[in-house]
Every structure is written in C-alpha cells, then in structure tokens.
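Have a look at the structure below before the remarks.
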Amino acid sequence: MLSIENLSVKVEDKVILRDVNLRINVGEAHVLFGPNGAGKSTLINTIMGHPRCKVVEGSIYFKGRDITDMPIDERARLGIGLAYQNPPGIPGVKLKDLLKIIAKVDWEEIERMAEILNFKDFLDREVNVGFSGGEVKKSELLQIFAQNPDFMMFDEPDSGVDVENVKLIGHIINHLLEKDRKPADRRKSGLIITHMGHILKFIHVDRAHILYNGVIACSGSPEEILNTIIKYGYERCIKCYQKRRQNG
C-alpha cells in the first residue's frame with residue numbers, strides 16, 4: 001500500500017527527517033511512537049503532501065505510484081486520508097456541508113456513524129468551531145469515514161481526550177481499519193501516531209516503530225515496544241539506538 005524509501009525532509013530549511021524507510025502492506029496498521037519533536041507529524045504531513053514539508057531526498061510510493069511530488073488533492077483522490085491532531089476551525093462552513101462535499105459513502109451511512117459517535121447534534125455546527133478536544137477528534141473521524149480512504153493516518157487520536165472517548169475513538173478506528181474482518185479480507189491500511197499508546201488498548205496494530213531525532217530508531221512488536229516505553233520511557237530506546245550506531 002505504502003512504501004517510503006530513503007526519505008529526508010526539510011521544514012523551513014531545517015532537516016527534520018533523515019533516511020526514513022517504511023513499508024505498510026495492504027490490510028496492515030502500524031503505530032509510530034516517539035518523543036515530542038521527533039518528527040512524527042512531519043512524516044505524516046509529508047505523506048499527505050503538505051507544502052511546508054520539502055522532500056530533499058528519497059521517494060514515497062502509494063499503490064505502486066510515485067507520489068513524492070504529487071499535490072495534496074491528488075493524493076486524497078488516490079485514497080489517502082489524514083485525521084489531524086489540531087485541525088483548524090472553519091467558521092461559516094457547517095460540518096454536514098463539508099461531509100457532503102467529501103463523501104464517498106451514502107449520507108445515510110454518515111448519519112449512522114454520527115449517531116454511533118454521539119455526534120449528530122454537531123452536524124449543523126461550524127466545523128470544529130468551539131469544539132472540545134474530544135469533539136474535534138470525533139469530527140475528524142467522521143470526515144475520514146466520509147472520505148473512505150484506502151490508507152488512513154491518525155495523528156495523536158488519544159491526545160486531549162477523556163478515557164471514555166478514547167475507548168470509543170479506538171473502537172471506531174479499529175472498525176475503519178477493518179480489524180473486525182479476517183486478515184485476508186482487509187483492504188484498508190493505516191498509520192497511527194501516539195505518544196504514550198493509550199489508544200492501543202482498543203486498536204489492533206501489526207507493527208510498531210519508534211521515531212527519534214528524525215530517524216526510525218527501532219521497529220518490532222507493538223506490545224514489546226509499548227511495554228518498554230511504559231516501563232522505561234523513551235530513554236531506554238534512545239540509549240539502544242545510540243549503542244547500535246556506535247557499534248556500526
């Protein structure tokens with residue numbers, strides 16, 4: 001589904017990502033951990049095609065196509081969707097009108113999802129205007145559901161959200177990623193960014209990565225990596241990475 005090869009990225013003349021390699025197959029969901037400032041949001045914004053993220057080396061392939069220099073709207077039409085961590089409010093635009101513009105599913109399905117999210121009363125409100133942290137996350141989820149992308153990215157879906165809503169949001173993401181289907185029947189893929197991994201109590205992910213100082217320092221079992229972070233913090237991961245570099 002997605003292949004990133006030797007990717008280096010600048011933002012405002014500062015190199016944020018260096019020589020990143022990542023492959024996510026059809027039906028897989030990966031999680032990306034990392035301390036604040038590691039470059040996690042830069043990576044997914046680069047995948048989405050944000051103009052502030054300048055690719056200086058490497059390539060991004062989606063469904064076998066080189067999308068490295070492709071504009072955002074074309075990537076979205078190909079089937080890439082992103083739920084932002086802190087999306088802006090859009091005064092004057094009702095959420096239901098935005099959903100109808102971007103929808104690739106029937107309106108009845110969107111209304112059913114809004115009901116599951118306990119969010120139907122927000123459809124007539126301006127997009128994200130005056131929304132709480134949890135309400136913003138639900139708005140983003142509803143937009144992703146309406147777009148029905150093949151590859152979806154979630155930037156810190158558990159930040160600023162109470163425990164009850166983390167559980168609901170986690171279950172919805174699990175459903176969007178088709179984790180309730182048999183592995184052979186899954187056609188959706190995803191990348192989830194999380195700082196401490198609370199959302200993973202409710203989402204099944206296939207592989208985990210740690211981004212540190214702009215490079216992927218470690219990849220492996222989600223459970224093992226998360227348990228290490230919970231027990232030791234990122235210091236253990238950083239020391240492990242530095243030791244491997246010293247040993248060549």
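Naming works like this for the structure tokens: A, B, ... for the chains as they're shown, residue 1 at the start of each chain, ligands 1 onward in shown order.
The helix (DSSP H, G or I) portion of stretch 10-91 of chain A consists of Lys40, Ser41, Thr42, Leu43, Ile44, Asn45, Thr46, Ile47, Met48, Ile72, Asp73, Glu74, Arg75, Ala76, Arg77 and Leu78 of chain A, with states taken from DSSP on the backbone.
Shell of stretch 220-222 of chain A at 9 Å, with only C-alpha atoms counted and residues fewer than 4 places along the chain excluded, is His30, Val31, Leu200, Val205, Asp206, Arg207, Ala208, His209, Leu226 and Asn227 of chain A.
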Output C-alpha atoms of each residue in that selection to a file, as a tab-separated table (two decimals), in the first residue's frame.
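Listing of again-v2.tsv after writing:
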```
chain	number	residue	atom	x	y	z
A	30	HIS	CA	1.27	0.38	12.01
A	31	VAL	CA	1.86	2.61	15.01
A	200	LEU	CA	-3.70	0.84	21.57
A	205	VAL	CA	-1.85	-2.91	15.17
A	206	ASP	CA	0.54	-5.17	13.30
A	207	ARG	CA	3.87	-3.41	13.74
A	208	ALA	CA	5.38	-0.58	15.76
A	209	HIS	CA	8.14	1.92	15.04
A	226	LEU	CA	4.91	-0.22	24.10
A	227	ASN	CA	5.77	-2.13	27.29
```
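Using only C-alpha atoms, the protein and nucleic acid residues lying no more than 8 Å from A:Lys94, apart from those fewer than 3 places from it along its own chain, are Asp97, Leu98, Leu123, Asp124, Arg125, Glu126 and Val127 of chain A.
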Include C-alpha atoms and write out the residues we just selected as a CSV table (one decimal), in the first residue's frame.
```csv
chain,number,residue,atom,x,y,z
A,97,ASP,CA,-21.9,20.6,4.2
A,98,LEU,CA,-18.2,19.6,4.3
A,123,LEU,CA,-23.7,18.2,12.0
A,124,ASP,CA,-25.3,21.6,11.8
A,125,ARG,CA,-22.5,23.4,13.6
A,126,GLU,CA,-19.5,25.1,12.0
A,127,VAL,CA,-16.5,22.7,11.5
```
Quick one: residues within 10 Å of A:Glu135, only C-alpha atoms counted, chain neighbours fewer than 4 positions away excluded, as a PyMOL selection string? chain A and resi 117-119+122+128+130-131+139-141+161+165
List the spatial neighbours of A:Glu28 as an MDAnalysis selection string - criterion: any atom at most 10 Å away, only C-alpha atoms, same-chain residues fewer than 4 positions off excluded. chainID A and resid 1 23:24 151 177:179 183 186:191 204:207
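Those residues that approach stretch 146-149 of chain A to within 9 Å, counting only C-alpha atoms, are A:Ala76, A:Arg77, A:Leu78, A:Gly79, A:Ile80, A:Gly81, A:Leu99, A:Lys100, A:Ile102, A:Ala103, A:Lys104, A:Val105, A:Asp106, A:Trp107, A:Glu109, A:Ile110, A:Leu141, A:Leu142, A:Leu176, A:Lys188; same-chain residues fewer than 4 positions away are not listed.
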Keeping N, CA and C atoms, export the residues of the selection given above as a PDB file, in the first residue's frame.
```pdb
ATOM      1  N   ALA A  76      -5.324  12.679  -2.051  1.00  0.00           N
ATOM      2  CA  ALA A  76      -6.612  12.380  -1.432  1.00  0.00           C
ATOM      3  C   ALA A  76      -7.497  11.580  -2.387  1.00  0.00           C
ATOM      4  N   ARG A  77      -7.499  11.961  -3.657  1.00  0.00           N
ATOM      5  CA  ARG A  77      -8.315  11.232  -4.644  1.00  0.00           C
ATOM      6  C   ARG A  77      -7.810   9.810  -4.847  1.00  0.00           C
ATOM      7  N   LEU A  78      -6.510   9.612  -4.684  1.00  0.00           N
ATOM      8  CA  LEU A  78      -5.949   8.258  -4.807  1.00  0.00           C
ATOM      9  C   LEU A  78      -6.345   7.361  -3.645  1.00  0.00           C
ATOM     10  N   GLY A  79      -6.703   7.998  -2.511  1.00  0.00           N
ATOM     11  CA  GLY A  79      -7.147   7.198  -1.374  1.00  0.00           C
ATOM     12  C   GLY A  79      -6.342   7.348  -0.102  1.00  0.00           C
ATOM     13  N   ILE A  80      -5.735   8.536   0.107  1.00  0.00           N
ATOM     14  CA  ILE A  80      -5.016   8.807   1.349  1.00  0.00           C
ATOM     15  C   ILE A  80      -5.827   9.804   2.177  1.00  0.00           C
ATOM     16  N   GLY A  81      -6.022   9.490   3.454  1.00  0.00           N
ATOM     17  CA  GLY A  81      -6.760  10.382   4.344  1.00  0.00           C
ATOM     18  C   GLY A  81      -5.984  10.626   5.622  1.00  0.00           C
ATOM     19  N   LEU A  99     -19.017  17.422   4.903  1.00  0.00           N
ATOM     20  CA  LEU A  99     -19.115  15.973   4.745  1.00  0.00           C
ATOM     21  C   LEU A  99     -19.739  15.594   3.403  1.00  0.00           C
ATOM     22  N   LYS A 100     -20.754  16.345   2.989  1.00  0.00           N
ATOM     23  CA  LYS A 100     -21.413  16.054   1.709  1.00  0.00           C
ATOM     24  C   LYS A 100     -20.473  16.303   0.529  1.00  0.00           C
ATOM     25  N   ILE A 102     -17.115  15.966   0.555  1.00  0.00           N
ATOM     26  CA  ILE A 102     -16.013  14.997   0.501  1.00  0.00           C
ATOM     27  C   ILE A 102     -16.497  13.555   0.483  1.00  0.00           C
ATOM     28  N   ALA A 103     -17.802  13.329   0.643  1.00  0.00           N
ATOM     29  CA  ALA A 103     -18.311  11.977   0.869  1.00  0.00           C
ATOM     30  C   ALA A 103     -18.115  11.037  -0.315  1.00  0.00           C
ATOM     31  N   LYS A 104     -17.644   9.851   0.012  1.00  0.00           N
ATOM     32  CA  LYS A 104     -17.592   8.742  -0.942  1.00  0.00           C
ATOM     33  C   LYS A 104     -18.449   7.580  -0.459  1.00  0.00           C
ATOM     34  N   VAL A 105     -19.276   7.852   0.548  1.00  0.00           N
ATOM     35  CA  VAL A 105     -20.249   6.881   1.045  1.00  0.00           C
ATOM     36  C   VAL A 105     -21.607   7.568   1.095  1.00  0.00           C
ATOM     37  N   ASP A 106     -22.664   6.787   1.225  1.00  0.00           N
ATOM     38  CA  ASP A 106     -24.016   7.349   1.270  1.00  0.00           C
ATOM     39  C   ASP A 106     -24.219   8.192   2.528  1.00  0.00           C
ATOM     40  N   TRP A 107     -25.057   9.233   2.410  1.00  0.00           N
ATOM     41  CA  TRP A 107     -25.313  10.113   3.542  1.00  0.00           C
ATOM     42  C   TRP A 107     -25.917   9.353   4.717  1.00  0.00           C
ATOM     43  N   GLU A 109     -25.190   6.430   5.699  1.00  0.00           N
ATOM     44  CA  GLU A 109     -24.090   5.799   6.439  1.00  0.00           C
ATOM     45  C   GLU A 109     -23.374   6.820   7.321  1.00  0.00           C
ATOM     46  N   ILE A 110     -23.218   8.023   6.803  1.00  0.00           N
ATOM     47  CA  ILE A 110     -22.573   9.071   7.597  1.00  0.00           C
ATOM     48  C   ILE A 110     -23.422   9.405   8.820  1.00  0.00           C
ATOM     49  N   LEU A 141     -12.779  11.995  12.761  1.00  0.00           N
ATOM     50  CA  LEU A 141     -13.135  10.605  12.452  1.00  0.00           C
ATOM     51  C   LEU A 141     -14.296  10.538  11.465  1.00  0.00           C
ATOM     52  N   LEU A 142     -15.268  11.402  11.664  1.00  0.00           N
ATOM     53  CA  LEU A 142     -16.428  11.421  10.783  1.00  0.00           C
ATOM     54  C   LEU A 142     -16.014  11.835   9.360  1.00  0.00           C
ATOM     55  N   LEU A 176     -12.698   1.214  11.134  1.00  0.00           N
ATOM     56  CA  LEU A 176     -12.296   1.841   9.875  1.00  0.00           C
ATOM     57  C   LEU A 176     -11.150   1.072   9.216  1.00  0.00           C
ATOM     58  N   LYS A 188      -8.003  -2.123   3.904  1.00  0.00           N
ATOM     59  CA  LYS A 188      -7.594  -0.802   4.394  1.00  0.00           C
ATOM     60  C   LYS A 188      -6.280  -0.920   5.163  1.00  0.00           C
TER      61      LYS A 188
END
```
Write out as a PyMOL selection string each polymer residue whose atoms come within 12 Å of A:Leu43, counting only C-alpha atoms; drop sequence neighbours fewer than 4 positions from it. chain A and resi 4+7-11+15-22+32-34+37-39+47-50+52-55+60+82+153-155+191-193+211-212+214-216
To one decimal place, how far is atom CA of A:Leu168 from atom CA of A:Pro88 in Å? 22.6 Å
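Atom pair atom CA of A:Gln85 / atom CA of A:Pro157 has a distance of 6.7 Å (rounded to one decimal).
For the choices A:Lys167, A:Lys120, A:Arg112, A:Lys231, the atom-to-atom distance to A:Gly134 is smallest for A:Lys167 when using only C-alpha atoms.
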